[in-house]
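Structure record follows, encoded as structure tokens.
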Amino acid sequence: MIPQEFIEEVLVKTDIVEIIESRVNLKKTGQNYSGLCPFHDEKSPSFSVSQDKQFYYCFGCHASGSALKFLMEFDRLDFVSSVEYLSERVGLKIPSDQKFDKGAAQNRKSIFDVLELSALFFREQLKIHEDRERAIQYLKGRGLSGEVARDFGVGFAPPGWRNLMSKLATSNSERKLLIDSGMLTESPDKDKTYDRFRDRIMFPIRDLRGRTIAFGGRVLDDDAKPKYLNSPETDVFRKGRELYGLFEARKRLRKLNKIIVVEGYMDVVALAQHGIHYAVATLGTSTSTEHIERLFRIVPQVIFCFDGDSAGRSAAWKALISALPAMEDGVNVKFLFIPEKDDPDSLVRKEGKEKFEARFAEAQGLTEFFFKTLSADVDLGSVEGLAALSKLAVPLIRQISEGVFKQLMIQELALLTGVDEEKLLDVTDLGKGSRTERLRTVTQTQTGLNQSVLGERATTILLRQPDVANLLSEEDVRELEGVLEWQLLLEIVQWVRQEREASPVWLLSNYQDGPYYGYLRGLVERDLMLSPHQLENEFIETVKKMVQEVKRLQKQRLVGELAQKALSELSPDERKILTDYRRPKRRT
């Protein structure tokens, strides 16, 4: 984890205008800069950048944030990569929560360097090696143009055991670095070291910054095994997180609205060759939840495009299971199965871009594929089969975050089983989401938020001056915990108390990838009509009113319970409570 103090220092030293100006045409307008918003189509500038506040805001689509947030949204970088980019720009090195290991950081940089040199070596071999013609003919046979091969950095690992090693390992330290980067394989007895990739078409795997982090190699002879060989995991490469072709897709199409997930490198490249520049592939592993969450941060729709055989459908089902925890309102997952004896590569070459893309309309939605797959193993004509379907579906539906999509999945299950929805919720506990899930549903959109005026005012003050969190007593916290609408406020209070120094910028950036960001951003922009020295007293007074509101609601609930009882069942104290509550208040 990157220390908060470091991120704060990076943001302080960063000029947001310089970051955005290199990507968006800005003009000085008064104290701020303005331009056409890069996040939605518009003809009149509504995008404003404040150099004083180091914050951007669009009055059209309401996009906003710091320089860090801009890089994540515009360049599609993940959080760590964005921090790395900004820190390098201002000349700072990223430390860790523990003692900063300069040696490890330098080794990581050296691995990036040697992987880039390896990519260059493979590209050169495709041009100059005596066996290059075999590789060239193979690529031509797959319909690959020189332009697409260049865009994806395709290369050639010649046959032989020490081609790369002889070129790049001129010392023991360089040899060790090539082993650490996964480019060389070391035998168990360490007496023999040789190139990992031999006689293969090479596909460099890049991160979202375009750095080479690993390789995938495909055999030239289809009878050779394994057909695809991937780099092992290293300090810069994690298979369960990265996707081949994602960098190229984002670079080619700035505004992506969907991404296709296919099974192989050649599928990605072949689709790009035919004008479909939004395909990615996993790297020798099943699609993970992390993969899907990463894609949903970029596009609202993901289409899995697998072979129609049993292996392809098995891979699709695994992808569906991984997708369930990532599903939320506003995103969409579909499944397209390629006809037997074809794959995306061969099919797009056979029928072209237009007909291939037309197939997306026929793709099965997640709900359809989910229930069709589960229903295939049960007898829907029997009571036992319907009960079995429910038993299979409920644990999976439970993984979905609370929201409209989960509710629709529950309704579909109720329809298929013939069980009343309310009864189904009761007997399966599907309607009893965790407190965190309920809070996520409440805060999913600003219009759906049911925060009270008092809670919003306290939260707004907290966002302006985080240290007021220390003014809350433990008794206050206990009183407020019972109100769902105030849980976000208490969460922020707890977070601030755990941090030694929490500035407004750091506090807001902590929530920038979560469901609360839009709501909190709106509060930040409110004008409280208070000077800085008035915020503390206002916070104290607001919390007092919140505690009073809690006590009022508690008394109201108690009175409601007492009113349901017969008078003979009430104790003297309970009768007094009921009488006092009903007695008209005297006017003063």
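Convention: chains lettered A, B, ... in structure tokens order; per-chain residue numbering from 1; ligands numbered from 1 as shown.
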
All residues 10 Å or closer to region 268-282 of chain A, only C-alpha atoms, same chain fewer than 5 positions away omitted, as a PyMOL selection string: chain A and resi 142-149+151-152+154+203+239-253+256-263+287-288+291+295+302-305+344-349+352-354+356-357

Which polymer residues have any atom within 12 Å of an atom of region 8-12 of chain A, counting only C-alpha atoms, with same-chain residues fewer than 2 positions away left out, as a short mmCIF file (atom, residue, chain, number, x, y, z; two decimals) with N, CA and C atoms, in the first residue's frame?
data_model
loop_
_atom_site.label_atom_id
_atom_site.label_comp_id
_atom_site.auth_asym_id
_atom_site.auth_seq_id
_atom_site.Cartn_x
_atom_site.Cartn_y
_atom_site.Cartn_z
N ILE A 2 0.49 2.22 -0.80
CA ILE A 2 1.24 3.48 -0.87
C ILE A 2 0.81 4.36 0.29
N PRO A 3 1.74 4.86 1.09
CA PRO A 3 1.38 5.69 2.25
C PRO A 3 0.60 6.93 1.84
N GLN A 4 -0.36 7.32 2.66
CA GLN A 4 -1.20 8.48 2.36
C GLN A 4 -0.39 9.76 2.31
N GLU A 5 0.62 9.87 3.20
CA GLU A 5 1.41 11.09 3.23
C GLU A 5 2.11 11.32 1.89
N PHE A 6 2.54 10.21 1.30
CA PHE A 6 3.24 10.31 0.02
C PHE A 6 2.30 10.80 -1.08
N THR A 14 1.99 18.54 -7.67
CA THR A 14 1.48 18.41 -9.04
C THR A 14 0.63 19.62 -9.41
N ASP A 15 0.82 20.11 -10.61
CA ASP A 15 -0.04 21.17 -11.14
C ASP A 15 -1.07 20.52 -12.04
N ILE A 16 -2.32 20.50 -11.59
CA ILE A 16 -3.37 19.82 -12.34
C ILE A 16 -3.57 20.42 -13.73
N ILE A 19 -1.20 18.78 -16.13
CA ILE A 19 -1.61 17.41 -16.44
C ILE A 19 -2.73 17.40 -17.47
N GLN A 51 -6.81 26.01 -10.74
CA GLN A 51 -5.42 25.87 -10.35
C GLN A 51 -5.26 26.09 -8.84
N ASP A 52 -6.08 26.95 -8.28
CA ASP A 52 -6.00 27.22 -6.85
C ASP A 52 -6.43 26.01 -6.03
N LYS A 53 -7.56 25.42 -6.42
CA LYS A 53 -8.09 24.27 -5.68
C LYS A 53 -7.52 22.95 -6.15
N GLN A 54 -6.78 22.97 -7.29
CA GLN A 54 -6.24 21.73 -7.86
C GLN A 54 -7.37 20.71 -8.05
N PHE A 55 -8.43 21.16 -8.72
CA PHE A 55 -9.64 20.35 -8.87
C PHE A 55 -10.27 20.66 -10.22
N GLY A 65 -12.72 15.87 -9.83
CA GLY A 65 -11.70 15.18 -9.06
C GLY A 65 -10.36 15.88 -9.11
N SER A 66 -9.35 15.19 -8.61
CA SER A 66 -7.98 15.69 -8.57
C SER A 66 -7.23 15.24 -9.82
N ALA A 67 -5.95 15.57 -9.88
CA ALA A 67 -5.12 15.11 -11.00
C ALA A 67 -5.06 13.59 -11.03
N LEU A 68 -5.07 12.98 -9.85
CA LEU A 68 -5.05 11.52 -9.74
C LEU A 68 -6.31 10.93 -10.36
N LYS A 69 -7.43 11.48 -10.02
CA LYS A 69 -8.71 11.00 -10.56
C LYS A 69 -8.77 11.20 -12.07
N SER A 82 -1.43 5.44 -11.71
CA SER A 82 -1.62 6.90 -11.71
C SER A 82 -0.68 7.58 -10.73
N VAL A 83 -0.55 6.98 -9.55
CA VAL A 83 0.37 7.53 -8.55
C VAL A 83 1.81 7.45 -9.05
N GLU A 84 2.14 6.31 -9.69
CA GLU A 84 3.49 6.15 -10.25
C GLU A 84 3.79 7.23 -11.29
N TYR A 85 2.81 7.48 -12.16
CA TYR A 85 3.00 8.49 -13.21
C TYR A 85 3.25 9.87 -12.61
N LEU A 86 2.40 10.26 -11.65
CA LEU A 86 2.54 11.58 -11.05
C LEU A 86 3.82 11.70 -10.23
N SER A 87 4.16 10.63 -9.51
CA SER A 87 5.36 10.69 -8.67
C SER A 87 6.63 10.82 -9.51
N GLU A 88 6.66 10.09 -10.62
CA GLU A 88 7.81 10.19 -11.52
C GLU A 88 7.90 11.60 -12.10
N ARG A 89 6.75 12.19 -12.36
CA ARG A 89 6.71 13.52 -12.97
C ARG A 89 7.26 14.60 -12.04
N VAL A 90 7.01 14.43 -10.74
CA VAL A 90 7.49 15.44 -9.78
C VAL A 90 8.79 15.02 -9.10
N GLY A 91 9.38 13.92 -9.57
CA GLY A 91 10.68 13.51 -9.07
C GLY A 91 10.68 12.85 -7.71
N LEU A 92 9.57 12.16 -7.37
CA LEU A 92 9.50 11.46 -6.09
C LEU A 92 9.46 9.96 -6.32
N LYS A 93 10.01 9.21 -5.38
CA LYS A 93 9.98 7.76 -5.45
C LYS A 93 8.95 7.22 -4.46
N ILE A 94 8.19 6.24 -4.90
CA ILE A 94 7.12 5.69 -4.07
C ILE A 94 7.72 4.84 -2.95
N PRO A 95 7.43 5.19 -1.68
CA PRO A 95 7.85 4.35 -0.56
C PRO A 95 6.77 3.32 -0.25
N GLU A 501 -2.92 12.26 9.75
CA GLU A 501 -3.24 13.52 9.09
C GLU A 501 -4.16 13.22 7.92
N ALA A 502 -5.31 13.83 7.91
CA ALA A 502 -6.27 13.59 6.83
C ALA A 502 -6.74 14.93 6.26
N SER A 503 -6.22 15.28 5.11
CA SER A 503 -6.62 16.53 4.47
C SER A 503 -7.89 16.28 3.65
N PRO A 504 -8.62 17.34 3.29
CA PRO A 504 -9.83 17.17 2.46
C PRO A 504 -9.56 16.46 1.15
N VAL A 505 -8.42 16.79 0.50
CA VAL A 505 -8.10 16.16 -0.79
C VAL A 505 -7.88 14.66 -0.61
N TRP A 506 -7.13 14.31 0.42
CA TRP A 506 -6.84 12.89 0.65
C TRP A 506 -8.11 12.14 1.03
N LEU A 507 -8.97 12.77 1.82
CA LEU A 507 -10.21 12.14 2.23
C LEU A 507 -11.08 11.83 1.03
N LEU A 508 -11.26 12.81 0.14
CA LEU A 508 -12.11 12.61 -1.03
C LEU A 508 -11.52 11.58 -1.99
N SER A 509 -10.20 11.62 -2.17
CA SER A 509 -9.56 10.66 -3.09
C SER A 509 -9.67 9.24 -2.58
N ASN A 510 -9.83 9.06 -1.26
CA ASN A 510 -9.99 7.73 -0.69
C ASN A 510 -11.27 7.06 -1.17
#

Measuring atom to atom with only C-alpha atoms, identify which of A:Val453, A:Ile400, A:Ala319, A:Leu415 is nearest to Phe369 (chain A). A:Ala319

Polymer residues at most 12 Å from region 40-47 of chain A, only C-alpha atoms, same-chain spacing of 6 or more positions, as a count of residues only: 26

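Here CA of Val524 (chain A) is placed at a distance of 18.9 Å from CA of Gln494 (chain A).
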
Which distance in Å separates CA of Leu413 (chain A) and CA of Ser390 (chain A), to one decimal? 7.1 Å

Separating CA of Glu290 (chain A) from CA of Pro325 (chain A), to the nearest tenth of an Å, is a gap of 9.8 Å

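Note that DSSP on the backbone gives strand (DSSP E or B) to these residues of region 34-78 of chain A: A:Ser34, A:Gly35, A:Phe47, A:Ser48, A:Val49, A:Ser50, A:Phe55, A:Tyr56, A:Tyr57, A:Cys58, A:Ser64, A:Gly65.
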
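Proximity ranking of A:Asp267, A:Asp429, A:Glu549, A:Asp309 relative to Glu479 (chain A) places A:Glu549 first, based on only C-alpha atoms.
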
Show which residues sit within 12 Å of Gly381 (chain A), as a PyMOL selection string. Count only C-alpha atoms, and ignore same-chain residues fewer than 5 positions away. chain A and resi 375-376+386-389+416-418
